[in-house]
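Written out below as structure tokens is the structure these notes cover.
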Amino acid sequence: MALQPHDRGEVDLSHSSAQEAQTPVRTPSSGAGDAAVLVQGLCHRYDERLALDHLDLDVRRGESFALLGPNGGGKTTLFRILTTYFPVQQGRVRVLAYDLPNDRDRLRHEIGVVFQHPSLDGKLTVEENLAYHGRLHGLDRKTIRRRSEEMLDRLGLLDRRRERVEKLSGGLARRVELAKGMLHEPKLLILDEPSTGLDPGARRDLWVYLTYLRNEGVTLLTTTHLLDEAERCDRVGIIHQGRLIAKGSPNELRSEIGGDVVTLRGADPAGLAAKLHRELKVDASVVNDTVRIESDSGFALLGQIGQCAASEIESMAVSKPTLEDVFIHRTGHRFWGEPDE
Amino acid sequence: MSSVFPGAKDLSGLVFGFGAAWALAQRELVRFFRQRGRVMGAVGQPLIFWILFGAGFQSSFRPPSAGEGAVSFGQYFYPGIITLVVLFTAIFATISVIQDRREGFMQGVLIAPVPRSMIALGNVLGGTLIALFQAWIFLLLAPLTGISLSLVMIVAASLYIVVLGIALTSLGLCLAWRSDSVQGFHAMMTLLLFPLWLLSGAFFPAEGAPLWLAWVIRLNPVSYGVAGLRRILDWGRPASDTLATLPSLGLCVLVSVCFAAIMFWLATWTVSRVASKGA
């Protein structure tokens, strides 16, 4: 579905102002300027360990993009470089048409960031936290008051504005983080594992709000290790051992596997896989004690497997490929349960 | 200006930078007054030191001179205690920087478009203002020691306390930005900051101390802070030998201002350096 760039004054009926209505609509330009984030050949080392290994990435303006990968894969390192927290060691990084590190200060005015770990001051009230954030971004008092009001209203926090942050639940505190990240009206919001520590209800609220932002024309870039969260985004980049190993919409990624995924459990997975390979000429792999076969027609294959090796199988399953299957397909590893490097 | 505050090249950048620094300093103040334990600790500990040491050492303390200009230990100790208040405040302020770095508030500050020098300035300013506030509480207690303060003396002492506050908070910041834990900072505090105060002539005069100790006191920049404060607070009293052996007020001001300037520059440099590595 094509993105409709909205005029903010039109969408936000409750707080429209003449000044905002005159703000020209952002129109995507062509070429490299079209990318919200452009990363080429990015490397990052922690002493000996190579955390990012010649990583390439592009995020289009106005889309929501998920960086999906297991912990230790390099997501957070990339997040820290894109948010200017870490310096660029090697490679090219361009965010919102600003080159890092040269245009770092100007970029800092225009990105919103939501950290995985709280960045709020618990001793301050909700409102005060937003005010200090605004002042550190050079907003004047009037703008801070107006934007705080808008953000707190949007996120259902108006009645909690004078409470100290340390007294809020994890879900509410995360909403304050979102309000803070969006206070200075950034064009790009970068989030690091935003649903960490949230219960299902709070997680749903979070995505309702993120979807709203995306429809408003804000570009979203989020890291996540949750497959269902990645599914909600326009495009997904799978990051593994410091490289981007797959990229595309969730549907595109799944369709590269095609058909079905058959998984089998048995006492001797390796023996079972070898037998199926020998007798049925299928490409069976063992991933974390299960035998896994990608097939165009899983149900037909089930019958053949049953005839061939029924006695060695404890359970069989056919499923449509998930993003986890894409991950396994590309890496040969299970998404979960891999020891972090 | 641009070398001291890199990143704030033009006037609007400078105004924004100072605004941001002021916001950070204000936050320090708000936090300070909301943590009652911190207020009590920062005022209470020097107060207890003053009362207990004053009472305990009164009989054994022999001021360098007897007669008209002689001072009691309580009086002798008074400028030292005010310096201790400033030192404690500086320590608490820098501990809060370590907490900010550990608990996450600092990550948001570090990616805000604020020059590093202004982050350091905000921290130093916040710590110094808190120190000044607490020092005022002790200045109010001056009559208890028999010292009467004129308005001019209070203003002069306040300015001097600000200089000392900038120096000590900056020193604390240099240490805080290099240590990852509050425990590590405690070690540095006991081994460096506290001896700096103990060996500043705050607690005992250089005269009568062994020669090496007298030299340590003479080389310690904090000594000039204590001595300067002593000279300001003793204004108008008959000159005692205690004062006579101290460096002149001019020298004290010169050393203290240089100490503050160097420490502030070092704090700015430390914040920029550590932060650019992605701390």
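Just so we're on the same page: first chain in the structure tokens is A, next is B, and so on; residues restart at 1 for each chain, and ligands are numbered from 1 in the order they show up.
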
**Request:** Identify all chain B residues at most 6 Å from chain A by counting only C-alpha atoms; ligands do not count. Present them as a ChimeraX atom specification.
**Result:** /B:20,104-105,108,111-113,278

Residues from the last selection, N, CA, C and O atoms, saved as a JSON list (two decimals), in the first residue's frame:
```
[["chain", "number", "residue", "atom", "x", "y", "z"],
["B", 20, "ALA", "N", 20.91, 24.88, 27.62],
["B", 20, "ALA", "CA", 20.93, 23.45, 27.91],
["B", 20, "ALA", "C", 21.70, 23.18, 29.21],
["B", 20, "ALA", "O", 21.27, 22.38, 30.05],
["B", 104, "GLY", "N", 20.69, 5.41, 32.99],
["B", 104, "GLY", "CA", 20.19, 5.63, 31.64],
["B", 104, "GLY", "C", 19.85, 7.06, 31.28],
["B", 104, "GLY", "O", 19.72, 7.37, 30.11],
["B", 105, "PHE", "N", 19.68, 7.95, 32.28],
["B", 105, "PHE", "CA", 19.31, 9.32, 31.92],
["B", 105, "PHE", "C", 20.36, 9.94, 31.00],
["B", 105, "PHE", "O", 20.05, 10.66, 30.06],
["B", 108, "GLY", "N", 20.24, 9.69, 27.05],
["B", 108, "GLY", "CA", 19.41, 10.67, 26.35],
["B", 108, "GLY", "C", 20.12, 12.02, 26.21],
["B", 108, "GLY", "O", 19.98, 12.69, 25.20],
["B", 111, "ILE", "N", 22.87, 12.00, 23.38],
["B", 111, "ILE", "CA", 22.49, 12.06, 21.97],
["B", 111, "ILE", "C", 21.66, 13.30, 21.67],
["B", 111, "ILE", "O", 21.18, 13.47, 20.56],
["B", 112, "ALA", "N", 21.49, 14.17, 22.68],
["B", 112, "ALA", "CA", 20.85, 15.46, 22.42],
["B", 112, "ALA", "C", 21.90, 16.36, 21.75],
["B", 112, "ALA", "O", 23.09, 16.14, 21.92],
["B", 113, "PRO", "N", 21.42, 17.35, 20.98],
["B", 113, "PRO", "CA", 22.39, 18.18, 20.24],
["B", 113, "PRO", "C", 23.09, 19.20, 21.14],
["B", 113, "PRO", "O", 23.16, 20.37, 20.83],
["B", 278, "GLY", "N", 31.60, 6.60, 23.22],
["B", 278, "GLY", "CA", 30.31, 5.96, 23.38],
["B", 278, "GLY", "C", 30.16, 5.37, 24.76],
["B", 278, "GLY", "O", 30.03, 4.18, 24.92]]
```

**Request:** Considering only C-alpha atoms, return as a PyMOL selection string whatever protein or nucleic-acid residues lie within 9 Å of Phe299 (chain A), sequence-local ones (same chain, fewer than 2 positions apart) excluded.
**Result:** chain A and resi 260+262+297+301-303+318

Using C-alpha atoms, can you export the residues from the last selection as a tab-separated table (two decimals), in the first residue's frame?
```tsv
chain	number	residue	atom	x	y	z
A	260	ASP	CA	5.72	-25.36	3.52
A	262	VAL	CA	7.91	-29.80	7.67
A	297	SER	CA	3.91	-29.44	-0.86
A	301	LEU	CA	5.59	-35.13	1.75
A	302	LEU	CA	4.07	-36.09	5.11
A	303	GLY	CA	2.55	-39.22	3.58
A	318	VAL	CA	3.53	-28.89	8.52
```

**Message:** I need the residue nearest Val43 (chain B) from this list: B:Met118, B:Leu191, B:Ala55, B:Ile137. Use only C-alpha atoms for the distance.
**Reply:**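 Between B:Met118, B:Leu191, B:Ala55, B:Ile137, the residue approaching Val43 (chain B) most closely is B:Ile137.
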
**Message:** Between CA of Asp268 (chain A) and CA of Asn71 (chain A), what is the distance in Å, rounded to a tenth?
**Reply:** 29.3 Å

Using DSSP on the backbone coordinates, identify the residues of region 138-310 of chain A assigned to alpha helix (DSSP H); present them as a tab-separated table (two decimals) with N, CA, C and O atoms, in the first residue's frame.
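After the write, out-v4.tsv holds the following:
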```tsv
chain	number	residue	atom	x	y	z
A	141	ARG	N	9.92	27.52	25.64
A	141	ARG	CA	8.96	27.06	26.65
A	141	ARG	C	7.55	26.87	26.09
A	141	ARG	O	6.84	25.94	26.46
A	142	LYS	N	7.17	27.77	25.19
A	142	LYS	CA	5.82	27.69	24.63
A	142	LYS	C	5.66	26.40	23.82
A	142	LYS	O	4.67	25.68	23.95
A	143	THR	N	6.66	26.13	23.00
A	143	THR	CA	6.61	24.91	22.18
A	143	THR	C	6.61	23.67	23.08
A	143	THR	O	5.88	22.71	22.83
A	144	ILE	N	7.43	23.71	24.12
A	144	ILE	CA	7.49	22.56	25.03
A	144	ILE	C	6.12	22.32	25.64
A	144	ILE	O	5.64	21.18	25.70
A	145	ARG	N	5.47	23.40	26.08
A	145	ARG	CA	4.16	23.23	26.72
A	145	ARG	C	3.15	22.65	25.73
A	145	ARG	O	2.41	21.72	26.03
A	146	ARG	N	3.16	23.22	24.51
A	146	ARG	CA	2.19	22.75	23.51
A	146	ARG	C	2.44	21.29	23.15
A	146	ARG	O	1.54	20.46	23.15
A	147	ARG	N	3.70	20.95	22.87
A	147	ARG	CA	4.02	19.58	22.45
A	147	ARG	C	3.80	18.58	23.58
A	147	ARG	O	3.34	17.46	23.34
A	148	SER	N	4.15	18.96	24.81
A	148	SER	CA	3.93	18.05	25.93
A	148	SER	C	2.46	17.70	26.03
A	148	SER	O	2.08	16.54	26.18
A	149	GLU	N	1.65	18.76	25.96
A	149	GLU	CA	0.21	18.56	26.05
A	149	GLU	C	-0.26	17.59	24.97
A	149	GLU	O	-0.98	16.63	25.23
A	150	GLU	N	0.18	17.84	23.73
A	150	GLU	CA	-0.21	16.98	22.61
A	150	GLU	C	0.21	15.54	22.84
A	150	GLU	O	-0.58	14.60	22.68
A	151	MET	N	1.47	15.36	23.23
A	151	MET	CA	2.00	14.01	23.37
A	151	MET	C	1.33	13.28	24.53
A	151	MET	O	0.99	12.10	24.41
A	152	LEU	N	1.15	13.98	25.66
A	152	LEU	CA	0.54	13.32	26.81
A	152	LEU	C	-0.91	12.95	26.52
A	152	LEU	O	-1.40	11.91	26.93
A	153	ASP	N	-1.58	13.83	25.78
A	153	ASP	CA	-2.95	13.56	25.40
A	153	ASP	C	-3.01	12.34	24.48
A	153	ASP	O	-3.76	11.39	24.70
A	154	ARG	N	-2.15	12.35	23.48
A	154	ARG	CA	-2.11	11.27	22.51
A	154	ARG	C	-1.83	9.92	23.17
A	154	ARG	O	-2.38	8.89	22.79
A	170	GLY	N	5.81	-0.16	34.30
A	170	GLY	CA	6.72	-0.26	33.15
A	170	GLY	C	6.05	0.19	31.85
A	170	GLY	O	6.67	0.88	31.05
A	171	GLY	N	4.80	-0.16	31.66
A	171	GLY	CA	4.10	0.20	30.43
A	171	GLY	C	3.91	1.71	30.31
A	171	GLY	O	4.11	2.29	29.26
A	172	LEU	N	3.52	2.33	31.44
A	172	LEU	CA	3.32	3.78	31.41
A	172	LEU	C	4.64	4.51	31.20
A	172	LEU	O	4.72	5.48	30.45
A	173	ALA	N	5.70	4.00	31.87
A	173	ALA	CA	7.01	4.65	31.72
A	173	ALA	C	7.46	4.57	30.26
A	173	ALA	O	8.03	5.53	29.73
A	174	ARG	N	7.18	3.44	29.60
A	174	ARG	CA	7.57	3.32	28.20
A	174	ARG	C	6.80	4.33	27.35
A	174	ARG	O	7.31	4.88	26.39
A	175	ARG	N	5.54	4.57	27.73
A	175	ARG	CA	4.78	5.58	26.99
A	175	ARG	C	5.40	6.96	27.15
A	175	ARG	O	5.42	7.77	26.22
A	176	VAL	N	5.92	7.23	28.37
A	176	VAL	CA	6.59	8.52	28.57
A	176	VAL	C	7.85	8.59	27.71
A	176	VAL	O	8.16	9.63	27.13
A	177	GLU	N	8.54	7.46	27.61
A	177	GLU	CA	9.74	7.42	26.74
A	177	GLU	C	9.35	7.77	25.30
A	177	GLU	O	10.07	8.48	24.61
A	178	LEU	N	8.21	7.23	24.86
A	178	LEU	CA	7.74	7.52	23.50
A	178	LEU	C	7.41	8.99	23.35
A	178	LEU	O	7.77	9.63	22.35
A	179	ALA	N	6.73	9.53	24.36
A	179	ALA	CA	6.38	10.95	24.33
A	179	ALA	C	7.64	11.79	24.24
A	179	ALA	O	7.73	12.76	23.49
A	180	LYS	N	8.65	11.38	25.00
A	180	LYS	CA	9.92	12.11	25.01
A	180	LYS	C	10.59	12.00	23.65
A	180	LYS	O	11.06	13.00	23.10
A	181	GLY	N	10.60	10.79	23.09
A	181	GLY	CA	11.25	10.59	21.80
A	181	GLY	C	10.61	11.39	20.69
A	181	GLY	O	11.27	11.78	19.72
A	182	MET	N	9.29	11.64	20.79
A	182	MET	CA	8.57	12.34	19.72
A	182	MET	C	8.33	13.81	20.01
A	182	MET	O	7.77	14.53	19.19
A	200	PRO	N	1.44	-8.04	27.46
A	200	PRO	CA	0.81	-8.05	26.12
A	200	PRO	C	-0.06	-6.83	25.85
A	200	PRO	O	-0.05	-6.30	24.74
A	201	GLY	N	-0.80	-6.37	26.85
A	201	GLY	CA	-1.66	-5.21	26.65
A	201	GLY	C	-0.86	-3.97	26.31
A	201	GLY	O	-1.16	-3.24	25.37
A	202	ALA	N	0.20	-3.76	27.08
A	202	ALA	CA	1.04	-2.58	26.85
A	202	ALA	C	1.75	-2.68	25.52
A	202	ALA	O	1.95	-1.67	24.83
A	203	ARG	N	2.12	-3.91	25.14
A	203	ARG	CA	2.78	-4.10	23.86
A	203	ARG	C	1.83	-3.76	22.71
A	203	ARG	O	2.21	-3.13	21.73
A	204	ARG	N	0.55	-4.13	22.86
A	204	ARG	CA	-0.43	-3.81	21.83
A	204	ARG	C	-0.60	-2.30	21.72
A	204	ARG	O	-0.59	-1.73	20.64
A	205	ASP	N	-0.69	-1.63	22.87
A	205	ASP	CA	-0.81	-0.16	22.87
A	205	ASP	C	0.37	0.47	22.14
A	205	ASP	O	0.21	1.41	21.37
A	206	LEU	N	1.55	-0.07	22.44
A	206	LEU	CA	2.76	0.46	21.81
A	206	LEU	C	2.64	0.42	20.30
A	206	LEU	O	2.90	1.41	19.61
A	207	TRP	N	2.18	-0.73	19.78
A	207	TRP	CA	2.12	-0.88	18.33
A	207	TRP	C	0.98	-0.10	17.70
A	207	TRP	O	1.09	0.35	16.56
A	208	VAL	N	-0.08	0.11	18.47
A	208	VAL	CA	-1.14	0.99	17.97
A	208	VAL	C	-0.55	2.38	17.73
A	208	VAL	O	-0.76	3.01	16.70
A	209	TYR	N	0.23	2.84	18.70
A	209	TYR	CA	0.81	4.18	18.58
A	209	TYR	C	1.86	4.23	17.46
A	209	TYR	O	1.89	5.18	16.68
A	210	LEU	N	2.68	3.20	17.38
A	210	LEU	CA	3.72	3.20	16.33
A	210	LEU	C	3.09	3.17	14.95
A	210	LEU	O	3.56	3.85	14.02
A	211	THR	N	2.01	2.43	14.81
A	211	THR	CA	1.32	2.38	13.52
A	211	THR	C	0.74	3.75	13.18
A	211	THR	O	0.80	4.21	12.04
A	212	TYR	N	0.21	4.42	14.21
A	212	TYR	CA	-0.31	5.76	14.01
A	212	TYR	C	0.79	6.71	13.50
A	212	TYR	O	0.61	7.47	12.55
A	213	LEU	N	1.96	6.61	14.15
A	213	LEU	CA	3.08	7.48	13.74
A	213	LEU	C	3.47	7.21	12.30
A	213	LEU	O	3.71	8.12	11.51
A	214	ARG	N	3.54	5.94	11.97
A	214	ARG	CA	3.93	5.52	10.63
A	214	ARG	C	2.94	6.10	9.60
A	214	ARG	O	3.33	6.58	8.54
A	215	ASN	N	1.65	6.09	9.94
A	215	ASN	CA	0.65	6.63	9.04
A	215	ASN	C	0.73	8.15	8.95
A	215	ASN	O	0.25	8.75	7.99
A	227	LEU	N	9.64	-12.11	16.63
A	227	LEU	CA	9.22	-12.33	15.25
A	227	LEU	C	7.90	-11.65	14.94
A	227	LEU	O	7.72	-11.06	13.88
A	228	ASP	N	6.95	-11.71	15.90
A	228	ASP	CA	5.63	-11.13	15.60
A	228	ASP	C	5.72	-9.61	15.49
A	228	ASP	O	4.93	-8.98	14.80
A	229	GLU	N	6.72	-9.04	16.17
A	229	GLU	CA	6.88	-7.60	16.08
A	229	GLU	C	7.41	-7.22	14.70
A	229	GLU	O	6.98	-6.23	14.11
A	230	ALA	N	8.35	-8.02	14.23
A	230	ALA	CA	8.91	-7.77	12.89
A	230	ALA	C	7.83	-7.89	11.83
A	230	ALA	O	7.80	-7.14	10.85
A	231	GLU	N	6.90	-8.82	12.04
A	231	GLU	CA	5.81	-9.03	11.08
A	231	GLU	C	4.94	-7.78	10.89
A	231	GLU	O	4.30	-7.61	9.87
A	250	PRO	N	7.87	-8.81	4.99
A	250	PRO	CA	7.69	-10.14	5.59
A	250	PRO	C	7.21	-11.16	4.55
A	250	PRO	O	7.69	-12.30	4.54
A	251	ASN	N	6.30	-10.76	3.66
A	251	ASN	CA	5.80	-11.69	2.64
A	251	ASN	C	6.88	-12.12	1.66
A	251	ASN	O	7.01	-13.29	1.32
A	252	GLU	N	7.66	-11.12	1.21
A	252	GLU	CA	8.74	-11.44	0.28
A	252	GLU	C	9.71	-12.44	0.90
A	252	GLU	O	10.15	-13.39	0.25
A	253	LEU	N	10.04	-12.18	2.17
A	253	LEU	CA	11.01	-13.05	2.82
A	253	LEU	C	10.48	-14.47	2.95
A	253	LEU	O	11.18	-15.44	2.69
A	254	ARG	N	9.21	-14.57	3.34
A	254	ARG	CA	8.63	-15.90	3.49
A	254	ARG	C	8.52	-16.62	2.16
A	254	ARG	O	8.75	-17.81	2.06
A	255	SER	N	8.19	-15.84	1.10
A	255	SER	CA	7.96	-16.50	-0.19
A	255	SER	C	9.26	-17.04	-0.78
A	255	SER	O	9.23	-17.87	-1.68
A	256	GLU	N	10.41	-16.56	-0.28
A	256	GLU	CA	11.65	-17.09	-0.83
A	256	GLU	C	11.83	-18.55	-0.41
A	256	GLU	O	12.54	-19.31	-1.05
A	257	ILE	N	11.21	-18.92	0.67
A	257	ILE	CA	11.23	-20.33	1.07
A	257	ILE	C	10.19	-21.10	0.26
A	257	ILE	O	10.43	-22.19	-0.23
A	269	PRO	N	17.53	-37.67	15.55
A	269	PRO	CA	17.26	-36.74	14.44
A	269	PRO	C	18.27	-36.87	13.30
A	269	PRO	O	17.88	-36.85	12.13
A	270	ALA	N	19.55	-37.03	13.66
A	270	ALA	CA	20.56	-37.09	12.60
A	270	ALA	C	20.35	-38.32	11.72
A	270	ALA	O	20.40	-38.24	10.48
A	271	GLY	N	20.08	-39.46	12.35
A	271	GLY	CA	19.85	-40.68	11.61
A	271	GLY	C	18.61	-40.57	10.74
A	271	GLY	O	18.60	-40.99	9.57
A	272	LEU	N	17.59	-39.95	11.29
A	272	LEU	CA	16.34	-39.76	10.57
A	272	LEU	C	16.55	-38.89	9.34
A	272	LEU	O	16.09	-39.21	8.23
A	273	ALA	N	17.29	-37.78	9.54
A	273	ALA	CA	17.53	-36.87	8.41
A	273	ALA	C	18.31	-37.58	7.31
A	273	ALA	O	18.01	-37.44	6.11
A	274	ALA	N	19.30	-38.36	7.72
A	274	ALA	CA	20.12	-39.07	6.74
A	274	ALA	C	19.27	-40.06	5.96
A	274	ALA	O	19.38	-40.18	4.73
A	275	LYS	N	18.39	-40.75	6.66
A	275	LYS	CA	17.55	-41.76	6.01
A	275	LYS	C	16.60	-41.11	4.99
A	275	LYS	O	16.44	-41.59	3.86
A	276	LEU	N	15.99	-39.97	5.40
A	276	LEU	CA	15.06	-39.29	4.49
A	276	LEU	C	15.79	-38.75	3.27
A	276	LEU	O	15.28	-38.80	2.15
A	277	HIS	N	16.98	-38.26	3.50
A	277	HIS	CA	17.77	-37.75	2.40
A	277	HIS	C	18.11	-38.87	1.41
A	277	HIS	O	18.01	-38.70	0.20
A	278	ARG	N	18.44	-40.02	1.99
A	278	ARG	CA	18.84	-41.16	1.17
A	278	ARG	C	17.65	-41.71	0.38
A	278	ARG	O	17.71	-41.91	-0.82
A	279	GLU	N	16.53	-41.87	1.08
A	279	GLU	CA	15.42	-42.60	0.45
A	279	GLU	C	14.45	-41.70	-0.29
A	279	GLU	O	13.85	-42.11	-1.27
A	280	LEU	N	14.25	-40.44	0.21
A	280	LEU	CA	13.25	-39.57	-0.45
A	280	LEU	C	13.91	-38.45	-1.24
A	280	LEU	O	13.22	-37.64	-1.87
A	298	GLY	N	4.02	-29.69	1.50
A	298	GLY	CA	4.31	-30.35	2.76
A	298	GLY	C	3.41	-31.54	3.06
A	298	GLY	O	3.88	-32.57	3.55
A	299	PHE	N	2.14	-31.38	2.72
A	299	PHE	CA	1.21	-32.45	3.08
A	299	PHE	C	1.47	-33.72	2.29
A	299	PHE	O	1.37	-34.82	2.81
A	300	ALA	N	1.83	-33.55	1.01
A	300	ALA	CA	2.17	-34.73	0.20
A	300	ALA	C	3.40	-35.41	0.77
A	300	ALA	O	3.48	-36.64	0.86
A	301	LEU	N	4.35	-34.60	1.21
A	301	LEU	CA	5.59	-35.13	1.75
A	301	LEU	C	5.33	-35.91	3.03
A	301	LEU	O	5.97	-36.95	3.29
A	302	LEU	N	4.38	-35.43	3.84
A	302	LEU	CA	4.07	-36.09	5.11
A	302	LEU	C	3.77	-37.57	4.90
A	302	LEU	O	4.24	-38.44	5.62
A	303	GLY	N	2.92	-37.84	3.86
A	303	GLY	CA	2.55	-39.22	3.58
A	303	GLY	C	3.76	-40.08	3.25
A	303	GLY	O	3.93	-41.17	3.79
A	304	GLN	N	4.62	-39.52	2.40
A	304	GLN	CA	5.83	-40.26	1.99
A	304	GLN	C	6.70	-40.55	3.21
A	304	GLN	O	7.24	-41.64	3.38
A	305	ILE	N	6.86	-39.51	4.06
A	305	ILE	CA	7.72	-39.69	5.24
A	305	ILE	C	7.13	-40.76	6.15
A	305	ILE	O	7.85	-41.62	6.67
A	306	GLY	N	5.80	-40.72	6.28
A	306	GLY	CA	5.14	-41.71	7.14
A	306	GLY	C	5.41	-43.13	6.67
A	306	GLY	O	5.71	-44.02	7.48
A	307	GLN	N	5.32	-43.32	5.38
A	307	GLN	CA	5.58	-44.66	4.83
A	307	GLN	C	7.02	-45.08	5.02
A	307	GLN	O	7.34	-46.24	5.27
A	308	CYS	N	7.91	-44.11	4.92
A	308	CYS	CA	9.33	-44.41	4.92
A	308	CYS	C	9.90	-44.64	6.31
A	308	CYS	O	10.72	-45.53	6.52
A	309	ALA	N	9.44	-43.82	7.29
A	309	ALA	CA	10.12	-43.85	8.59
A	309	ALA	C	9.19	-43.66	9.77
A	309	ALA	O	9.54	-43.02	10.75
```

**Request:** Extract, using only C-alpha atoms, all DNA, RNA and protein residues at most 9 Å from Leu125 (chain B), discarding same-chain residues fewer than 5 positions from it, and format them as a ChimeraX atom specification.
**Result:** /B:21-22,24-26,28,120,130,165-166,169

Any chance you can output those residues with all heavy atoms as an mmCIF file, in the first residue's frame?
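Final file, out.cif:
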```
data_model
loop_
_atom_site.group_PDB
_atom_site.id
_atom_site.type_symbol
_atom_site.label_atom_id
_atom_site.label_comp_id
_atom_site.auth_asym_id
_atom_site.auth_seq_id
_atom_site.Cartn_x
_atom_site.Cartn_y
_atom_site.Cartn_z
ATOM 1 N N ALA B 21 22.838 23.872 29.371
ATOM 2 C CA ALA B 21 23.630 23.698 30.592
ATOM 3 C C ALA B 21 22.810 24.109 31.807
ATOM 4 O O ALA B 21 22.802 23.428 32.841
ATOM 5 C CB ALA B 21 24.910 24.530 30.510
ATOM 6 N N TRP B 22 22.094 25.210 31.671
ATOM 7 C CA TRP B 22 21.268 25.694 32.774
ATOM 8 C C TRP B 22 20.155 24.686 33.083
ATOM 9 O O TRP B 22 19.820 24.439 34.251
ATOM 10 C CB TRP B 22 20.716 27.083 32.447
ATOM 11 C CG TRP B 22 19.813 27.650 33.497
ATOM 12 C CD1 TRP B 22 18.538 28.076 33.347
ATOM 13 C CD2 TRP B 22 20.137 27.848 34.885
ATOM 14 N NE1 TRP B 22 18.032 28.520 34.550
ATOM 15 C CE2 TRP B 22 19.007 28.388 35.515
ATOM 16 C CE3 TRP B 22 21.268 27.595 35.663
ATOM 17 C CZ2 TRP B 22 18.957 28.691 36.873
ATOM 18 C CZ3 TRP B 22 21.231 27.898 37.023
ATOM 19 C CH2 TRP B 22 20.092 28.443 37.615
ATOM 20 N N LEU B 24 20.318 21.463 32.711
ATOM 21 C CA LEU B 24 20.934 20.343 33.430
ATOM 22 C C LEU B 24 21.235 20.732 34.881
ATOM 23 O O LEU B 24 21.043 19.933 35.804
ATOM 24 C CB LEU B 24 22.220 19.893 32.731
ATOM 25 C CG LEU B 24 22.018 19.181 31.393
ATOM 26 C CD1 LEU B 24 23.350 18.973 30.690
ATOM 27 C CD2 LEU B 24 21.319 17.840 31.605
ATOM 28 N N ALA B 25 21.688 21.978 35.078
ATOM 29 C CA ALA B 25 21.989 22.435 36.436
ATOM 30 C C ALA B 25 20.709 22.504 37.268
ATOM 31 O O ALA B 25 20.675 22.070 38.423
ATOM 32 C CB ALA B 25 22.661 23.808 36.380
ATOM 33 N N GLN B 26 19.649 23.018 36.649
ATOM 34 C CA GLN B 26 18.366 23.110 37.355
ATOM 35 C C GLN B 26 17.866 21.736 37.779
ATOM 36 O O GLN B 26 17.352 21.555 38.871
ATOM 37 C CB GLN B 26 17.336 23.737 36.428
ATOM 38 C CG GLN B 26 17.135 25.203 36.651
ATOM 39 C CD GLN B 26 15.968 25.690 35.831
ATOM 40 O OE1 GLN B 26 15.802 25.289 34.677
ATOM 41 N NE2 GLN B 26 15.172 26.555 36.399
ATOM 42 N N GLU B 28 19.686 19.201 38.497
ATOM 43 C CA GLU B 28 20.463 18.792 39.670
ATOM 44 C C GLU B 28 19.850 19.371 40.950
ATOM 45 O O GLU B 28 19.746 18.685 41.966
ATOM 46 C CB GLU B 28 21.909 19.289 39.553
ATOM 47 C CG GLU B 28 22.735 18.609 38.482
ATOM 48 C CD GLU B 28 23.103 17.177 38.847
ATOM 49 O OE1 GLU B 28 23.063 16.840 40.046
ATOM 50 O OE2 GLU B 28 23.412 16.402 37.929
ATOM 51 N N ALA B 120 29.198 19.246 30.691
ATOM 52 C CA ALA B 120 30.095 19.406 31.837
ATOM 53 C C ALA B 120 29.742 20.676 32.609
ATOM 54 O O ALA B 120 29.654 20.651 33.841
ATOM 55 C CB ALA B 120 31.543 19.460 31.358
ATOM 56 N N ILE B 130 24.454 23.933 44.521
ATOM 57 C CA ILE B 130 24.066 23.166 45.707
ATOM 58 C C ILE B 130 25.077 23.422 46.830
ATOM 59 O O ILE B 130 24.708 23.627 47.996
ATOM 60 C CB ILE B 130 23.982 21.659 45.376
ATOM 61 C CG1 ILE B 130 22.842 21.397 44.388
ATOM 62 C CG2 ILE B 130 23.754 20.847 46.641
ATOM 63 C CD1 ILE B 130 22.817 19.983 43.835
ATOM 64 N N GLY B 165 33.763 25.671 44.525
ATOM 65 C CA GLY B 165 32.772 24.685 44.077
ATOM 66 C C GLY B 165 33.053 24.241 42.646
ATOM 67 O O GLY B 165 33.004 23.046 42.327
ATOM 68 N N ILE B 166 33.377 25.203 41.776
ATOM 69 C CA ILE B 166 33.694 24.865 40.384
ATOM 70 C C ILE B 166 34.914 23.951 40.343
ATOM 71 O O ILE B 166 34.929 22.925 39.653
ATOM 72 C CB ILE B 166 33.941 26.149 39.558
ATOM 73 C CG1 ILE B 166 32.628 26.916 39.413
ATOM 74 C CG2 ILE B 166 34.512 25.820 38.180
ATOM 75 C CD1 ILE B 166 32.774 28.279 38.767
ATOM 76 N N THR B 169 33.931 20.398 42.115
ATOM 77 C CA THR B 169 32.960 19.626 41.327
ATOM 78 C C THR B 169 33.602 19.152 40.028
ATOM 79 O O THR B 169 33.387 18.016 39.594
ATOM 80 C CB THR B 169 31.706 20.465 41.003
ATOM 81 O OG1 THR B 169 31.287 21.133 42.181
ATOM 82 C CG2 THR B 169 30.583 19.594 40.518
#
```

**Asked** Pick from A:Thr290, A:Val126, A:Ser285, A:Thr77: nearest to Leu158 (chain A), with only C-alpha atoms counted?
**Response** A:Val126
